[in-house]
file entry-v4.cif (mmCIF, C-alpha atoms and all ligand atoms)
data_run
loop_
_atom_site.label_atom_id
_atom_site.label_comp_id
_atom_site.auth_asym_id
_atom_site.auth_seq_id
_atom_site.Cartn_x
_atom_site.Cartn_y
_atom_site.Cartn_z
CA MET A 4 -24.35 -6.29 17.81
CA LYS A 5 -23.21 -8.30 14.81
CA LEU A 6 -21.73 -6.21 12.05
CA VAL A 7 -20.80 -7.23 8.51
CA LEU A 8 -17.97 -5.19 7.02
CA ALA A 9 -18.05 -4.67 3.27
CA THR A 10 -14.29 -4.90 2.79
CA GLN A 11 -11.79 -7.50 1.62
CA ASN A 12 -8.90 -5.61 3.21
CA PRO A 13 -7.80 -7.34 6.46
CA ASN A 14 -5.91 -4.21 7.61
CA LYS A 15 -9.10 -2.18 7.57
CA VAL A 16 -10.89 -4.94 9.51
CA LYS A 17 -8.17 -4.91 12.18
CA GLU A 18 -8.33 -1.12 12.54
CA ILE A 19 -12.13 -1.03 12.66
CA GLN A 20 -12.24 -3.83 15.23
CA ALA A 21 -9.82 -1.86 17.43
CA VAL A 22 -12.29 1.06 17.62
CA LEU A 23 -15.48 -0.94 18.17
CA PRO A 24 -16.56 -2.13 21.63
CA SER A 25 -15.25 -5.66 22.24
CA THR A 26 -18.82 -6.92 22.68
CA TRP A 27 -19.47 -6.29 18.97
CA SER A 28 -18.76 -9.20 16.72
CA VAL A 29 -17.44 -8.30 13.30
CA THR A 30 -17.82 -10.47 10.22
CA THR A 31 -16.17 -9.68 6.91
CA ALA A 32 -17.37 -9.96 3.34
CA LEU A 33 -15.10 -12.99 2.97
CA GLU A 34 -16.67 -14.71 5.97
CA ALA A 35 -20.09 -13.91 4.54
CA GLY A 36 -19.06 -16.05 1.55
CA ILE A 37 -17.92 -13.38 -0.93
CA THR A 38 -14.51 -14.30 -2.32
CA GLU A 39 -14.46 -11.96 -5.33
CA GLU A 40 -13.59 -8.27 -5.08
CA LEU A 41 -16.44 -6.01 -4.04
CA PRO A 42 -17.73 -3.76 -6.85
CA GLU A 43 -16.08 -0.31 -6.97
CA THR A 44 -16.98 1.36 -10.26
CA GLY A 45 -17.49 4.94 -9.06
CA ASP A 46 -15.17 7.89 -9.42
CA THR A 47 -15.63 9.20 -5.87
CA LEU A 48 -15.04 7.66 -2.44
CA ASP A 49 -18.68 8.30 -1.63
CA ALA A 50 -19.95 6.42 -4.71
CA ASN A 51 -17.65 3.46 -4.08
CA ALA A 52 -18.48 3.26 -0.38
CA ARG A 53 -22.19 3.22 -1.27
CA GLU A 54 -21.70 0.60 -3.97
CA LYS A 55 -19.78 -1.81 -1.70
CA ALA A 56 -22.21 -1.44 1.20
CA ALA A 57 -25.28 -1.86 -1.04
CA PHE A 58 -23.80 -4.97 -2.62
CA LEU A 59 -23.18 -6.67 0.72
CA GLN A 60 -26.47 -5.50 2.24
CA GLU A 61 -28.37 -7.06 -0.66
CA TYR A 62 -26.26 -10.22 -0.45
CA THR A 63 -26.88 -10.76 3.29
CA GLY A 64 -30.25 -9.03 3.63
CA GLY A 65 -28.97 -7.48 6.86
CA PHE A 66 -26.79 -4.47 7.72
CA ALA A 67 -23.45 -3.66 6.12
CA LEU A 68 -20.74 -1.07 6.74
CA SER A 69 -18.18 -0.27 4.03
CA ASP A 70 -14.96 1.79 3.94
CA ASP A 71 -13.59 3.52 0.88
CA SER A 72 -10.41 5.47 1.52
CA GLY A 73 -7.77 7.38 -0.35
CA LEU A 74 -4.73 9.60 -0.05
CA GLU A 75 -5.13 13.11 -1.52
CA VAL A 76 -1.88 14.90 -2.35
CA ASP A 77 -2.12 18.66 -2.90
CA ALA A 78 0.88 18.87 -5.27
CA LEU A 79 -0.77 16.16 -7.41
CA ASP A 80 -4.15 17.94 -7.52
CA GLY A 81 -5.71 15.42 -5.15
CA ALA A 82 -4.27 12.25 -6.74
CA PRO A 83 -4.15 9.34 -6.14
CA GLY A 84 -7.45 9.93 -4.27
CA VAL A 85 -10.13 7.45 -5.21
CA TYR A 86 -7.53 5.56 -7.30
CA SER A 87 -5.15 5.01 -4.35
CA ALA A 88 -5.41 1.21 -4.37
CA ARG A 89 -4.08 0.90 -7.94
CA TYR A 90 -1.76 3.92 -8.20
CA GLY A 91 1.28 1.70 -8.84
CA GLY A 92 -0.52 -0.66 -11.25
CA PRO A 93 -3.38 -3.16 -11.47
CA GLU A 94 -1.66 -5.50 -8.97
CA LYS A 95 -3.07 -3.40 -6.09
CA ASP A 96 0.30 -3.73 -4.37
CA ASP A 97 1.08 -1.43 -1.42
CA ALA A 98 4.87 -1.34 -2.08
CA LEU A 99 4.34 -0.52 -5.78
CA ASN A 100 1.84 2.19 -4.83
CA ARG A 101 4.31 3.81 -2.43
CA ALA A 102 7.10 3.64 -5.02
CA ALA A 103 4.85 5.29 -7.63
CA LEU A 104 3.98 8.04 -5.16
CA LEU A 105 7.64 8.69 -4.32
CA ARG A 106 8.41 8.95 -8.07
CA ALA A 107 5.52 11.35 -8.67
CA MET A 108 6.67 13.52 -5.75
CA ASP A 109 10.37 13.47 -6.63
CA GLY A 110 11.81 16.98 -6.20
CA GLN A 111 8.48 18.36 -4.96
CA THR A 112 8.75 20.63 -1.90
CA GLN A 113 5.01 21.09 -1.34
CA ARG A 114 4.25 17.81 0.47
CA SER A 115 0.91 18.33 2.21
CA ALA A 116 -1.62 15.51 1.92
CA ARG A 117 -4.58 13.98 3.67
CA PHE A 118 -6.20 10.59 4.12
CA ARG A 119 -9.94 10.53 3.65
CA THR A 120 -12.36 7.71 4.49
CA VAL A 121 -16.00 7.51 3.54
CA MET A 122 -18.01 4.81 5.30
CA ALA A 123 -21.43 3.80 4.08
CA TRP A 124 -23.98 2.17 6.37
CA ALA A 125 -26.53 0.19 4.40
CA THR A 126 -29.66 -1.16 6.08
CA PRO A 127 -32.77 -2.77 4.61
CA THR A 128 -34.39 0.69 4.68
CA GLY A 129 -31.66 3.04 3.48
CA MET A 130 -28.08 4.24 3.34
CA THR A 131 -26.08 6.88 5.25
CA THR A 132 -22.44 7.93 4.77
CA TYR A 133 -19.83 9.25 7.22
CA GLU A 134 -16.51 10.92 6.50
CA GLY A 135 -13.20 11.09 8.35
CA VAL A 136 -10.09 13.09 7.37
CA VAL A 137 -6.56 13.41 8.72
CA GLU A 138 -4.13 16.05 7.46
CA GLY A 139 -0.42 15.39 7.19
CA THR A 140 2.85 15.55 5.27
CA LEU A 141 4.54 13.11 2.90
CA LEU A 142 8.13 12.00 3.53
CA THR A 143 10.73 11.52 0.78
CA ALA A 144 11.53 7.98 1.99
CA GLU A 145 9.61 5.29 3.85
CA ARG A 146 9.76 5.06 7.63
CA GLY A 147 8.27 2.25 9.74
CA THR A 148 6.95 -1.22 9.11
CA GLY A 149 3.51 -1.18 10.74
CA GLY A 150 0.19 -0.22 9.18
CA PHE A 151 -0.42 -0.69 5.47
CA GLY A 152 -0.85 1.19 2.19
CA TYR A 153 0.80 4.60 2.28
CA ASP A 154 1.32 4.65 6.07
CA ALA A 155 5.13 4.55 5.89
CA LEU A 156 5.15 7.83 3.93
CA PHE A 157 2.54 9.78 5.92
CA VAL A 158 3.20 11.89 9.04
CA PRO A 159 -0.09 13.13 10.57
CA ILE A 160 -0.14 16.79 11.63
CA ASP A 161 -1.66 15.93 15.03
CA GLY A 162 1.11 13.46 15.90
CA ASP A 163 4.67 13.62 17.24
CA GLY A 164 6.53 13.35 13.92
CA ARG A 165 6.22 9.59 13.48
CA THR A 166 4.56 8.07 10.43
CA PHE A 167 1.42 5.96 10.82
CA ALA A 168 3.67 2.95 10.10
CA GLU A 169 5.75 3.77 13.18
CA MET A 170 2.66 3.77 15.44
CA SER A 171 0.77 0.95 17.12
CA VAL A 172 -2.79 0.23 16.00
CA ASP A 173 -4.02 2.07 19.11
CA GLU A 174 -1.88 5.14 18.39
CA LYS A 175 -3.03 5.31 14.77
CA LYS A 176 -6.64 4.89 15.83
CA ALA A 177 -6.42 7.98 18.08
CA MET A 178 -6.17 10.24 15.02
CA SER A 179 -6.88 8.28 11.85
CA HIS A 180 -9.32 9.13 9.08
CA ARG A 181 -10.85 5.67 9.49
CA SER A 182 -11.55 5.95 13.22
CA ARG A 183 -12.97 9.46 12.75
CA ALA A 184 -15.48 8.19 10.19
CA LEU A 185 -16.24 5.17 12.36
CA ARG A 186 -16.82 7.31 15.46
CA ALA A 187 -19.21 9.56 13.52
CA TRP A 188 -21.17 6.46 12.54
CA MET A 189 -21.20 5.15 16.12
CA GLU A 190 -22.41 8.51 17.45
CA ASP A 191 -25.23 8.50 14.92
CA LEU A 192 -26.15 4.94 15.80
CA ARG A 193 -26.28 5.78 19.51
CA SER A 194 -28.54 8.77 18.95
P1 LIG B 201 -11.83 -2.88 0.03
O1 LIG B 201 -12.31 -2.12 -1.20
O2 LIG B 201 -12.08 -4.33 -0.05
O3 LIG B 201 -12.33 -2.26 1.29
P2 LIG B 201 -9.23 -1.80 -0.75
O4 LIG B 201 -7.84 -2.06 -0.25
O5 LIG B 201 -9.49 -1.99 -2.22
O6 LIG B 201 -10.21 -2.72 0.11
P3 LIG B 201 -9.85 1.00 -1.06
O7 LIG B 201 -10.53 0.77 -2.35
O8 LIG B 201 -10.50 1.91 -0.07
O9 LIG B 201 -9.62 -0.37 -0.28
O10 LIG B 201 -8.37 1.44 -1.39
C1 LIG B 201 -7.74 2.41 -0.68
C2 LIG B 201 -6.23 2.26 -0.78
O11 LIG B 201 -5.72 3.41 -0.08
C3 LIG B 201 -5.69 1.03 -0.06
O12 LIG B 201 -5.41 -0.02 -0.90
C4 LIG B 201 -4.41 1.58 0.58
O13 LIG B 201 -3.36 1.50 -0.34
C5 LIG B 201 -4.74 3.04 0.82
N1 LIG B 201 -5.20 3.25 2.19
C6 LIG B 201 -6.47 3.19 2.67
N2 LIG B 201 -6.51 3.40 3.99
C7 LIG B 201 -5.23 3.57 4.37
C8 LIG B 201 -4.61 3.79 5.60
O14 LIG B 201 -5.30 3.84 6.74
N3 LIG B 201 -3.29 3.92 5.62
C9 LIG B 201 -2.57 3.85 4.49
N4 LIG B 201 -3.06 3.61 3.29
C10 LIG B 201 -4.39 3.48 3.22
#
call {"tool": "encode", "arguments": {"input": "entry-v4.cif", "output": "structure tokens", "more": "lines below"}}
Ligand code: ITT
result
Amino acid sequence: MKLVLATQNPNKVKEIQAVLPSTWSVTTALEAGITEELPETGDTLDANAREKAAFLQEYTGGFALSDDSGLEVDALDGAPGVYSARYGGPEKDDALNRAALLRAMDGQTQRSARFRTVMAWATPTGMTTYEGVVEGTLLTAERGTGGFGYDALFVPIDGDGRTFAEMSVDEKKAMSHRSRALRAWMEDLRS
């Protein structure tokens, strides 16, 4: 199985590869020759996942799987959500995004949040989407150096109190939004 991932984010590629069987070879948008950012003009994860997968499917003529993800914070009415990548500014910088989130949550005691991933599977004959969610709590200061994005601020409810940034790739994959969406897609593919 040769799979083209419609993402320019190397952290996502690493996490997706860790879930897939080792016999599957994964190629990225970059390796398929796309150096510019993939189009993401929608205002929902679903719309953006579809847009990225459709773009790459048309480009390669084959099959493409995309991942659009976001952090939804209850005290912020679901923000940053679909705008998670640029919450701290147009630079799309993880450290700036985390700093902006800590500022927005300063003094807030209600700290529940969730990561959500929508994956879109685009084939020459159609498109299907899959969703994965993980519930958790936001810290008031960063902890851990692994992972990416908001991982150092997020403690999953199903875990042992560590943030995603304090876990190995394998530990994060056991409960992450991304692996849940990916497993739903794999189940569907098998059946
Ligand atoms: P592609 O569109 O090329 O896939 P991207 O980084 O722009 O890459 P998104 O549009 O899905 O991806 O942005 C989601 C942002 O949410 C991302 O930049 C991270 O800051 C954050 N994020 C996504 N998944 C995450 C995860 O597993 N852990 C922590 N933060 C995550």
call {"tool": "residues_around", "arguments": {"input": "entry-v4.cif", "residues": "Phe157 of chain A", "least_positions_apart": "5", "cutoff": "10 Å", "atoms": "all atoms listed in the file", "output": "count of residues only"}}
result
22
call {"tool": "atom_distance", "arguments": {"input": "entry-v4.cif", "atom1": "atom CA of Gln60 of chain A", "atom2": "atom C1 of ligand LIG 201 (chain B)"}}
result
20.5 Å
call {"tool": "residues_near_ligand", "arguments": {"input": "entry-v4.cif", "ligand": "ligand LIG 201 (chain B)", "cutoff": "6 Å", "atoms": "only C-alpha atoms and all ligand atoms", "output": "number ranges by chain"}}
result
A: 10-12, 70-73, 87-88, 97, 151-154
call {"tool": "atom_distance", "arguments": {"input": "entry-v4.cif", "atom1": "atom CA of Val137 of chain A", "atom2": "atom CA of Ala123 of chain A"}}
result
18.3 Å
call {"tool": "residues_around", "arguments": {"input": "entry-v4.cif", "residues": "Ala98 of chain A", "least_positions_apart": "2", "cutoff": "12 Å", "atoms": "all atoms listed in the file", "output": "ChimeraX atom specification"}}
result
/A:88-92,94-96,100-105,145,148,151-156
call {"tool": "residues_around", "arguments": {"input": "entry-v4.cif", "residues": "segment 15-27 of chain A", "least_positions_apart": "5", "cutoff": "12 Å", "atoms": "all atoms listed in the file", "output": "number ranges by chain"}}
result
A: 4-10, 32-34, 68-72, 120, 122, 149-152, 171-190
call {"tool": "axis_aligned_box", "arguments": {"input": "entry-v4.cif", "around": "segment 187-191 of chain A", "padding_each_side": "5 Å", "output": "AutoDock Vina command-line options"}}
result
--center_x -22.2 --center_y 7.4 --center_z 15.0 --size_x 16.0 --size_y 14.4 --size_z 14.9
call {"tool": "atom_distance", "arguments": {"input": "entry-v4.cif", "atom1": "atom CA of Ala56 of chain A", "atom2": "atom CA of Val85 of chain A"}}
result
16.3 Å
call {"tool": "closest_residue", "arguments": {"input": "entry-v4.cif", "among": "A:Thr131, A:Thr38, A:Thr112, A:Thr47", "to": "Ala82 of chain A", "atoms": "all atoms listed in the file"}}
result
A:Thr47
call {"tool": "closest_residue", "arguments": {"input": "entry-v4.cif", "among": "A:Thr126, A:Ala78, A:Val29, A:Tyr133", "to": "Gln113 of chain A", "atoms": "only C-alpha atoms"}}
result
A:Ala78
call {"tool": "closest_residue", "arguments": {"input": "entry-v4.cif", "among": "A:Val158, A:Val76, A:Ala50, A:Lys55", "to": "Gln111 of chain A", "atoms": "only C-alpha atoms"}}
result
A:Val76
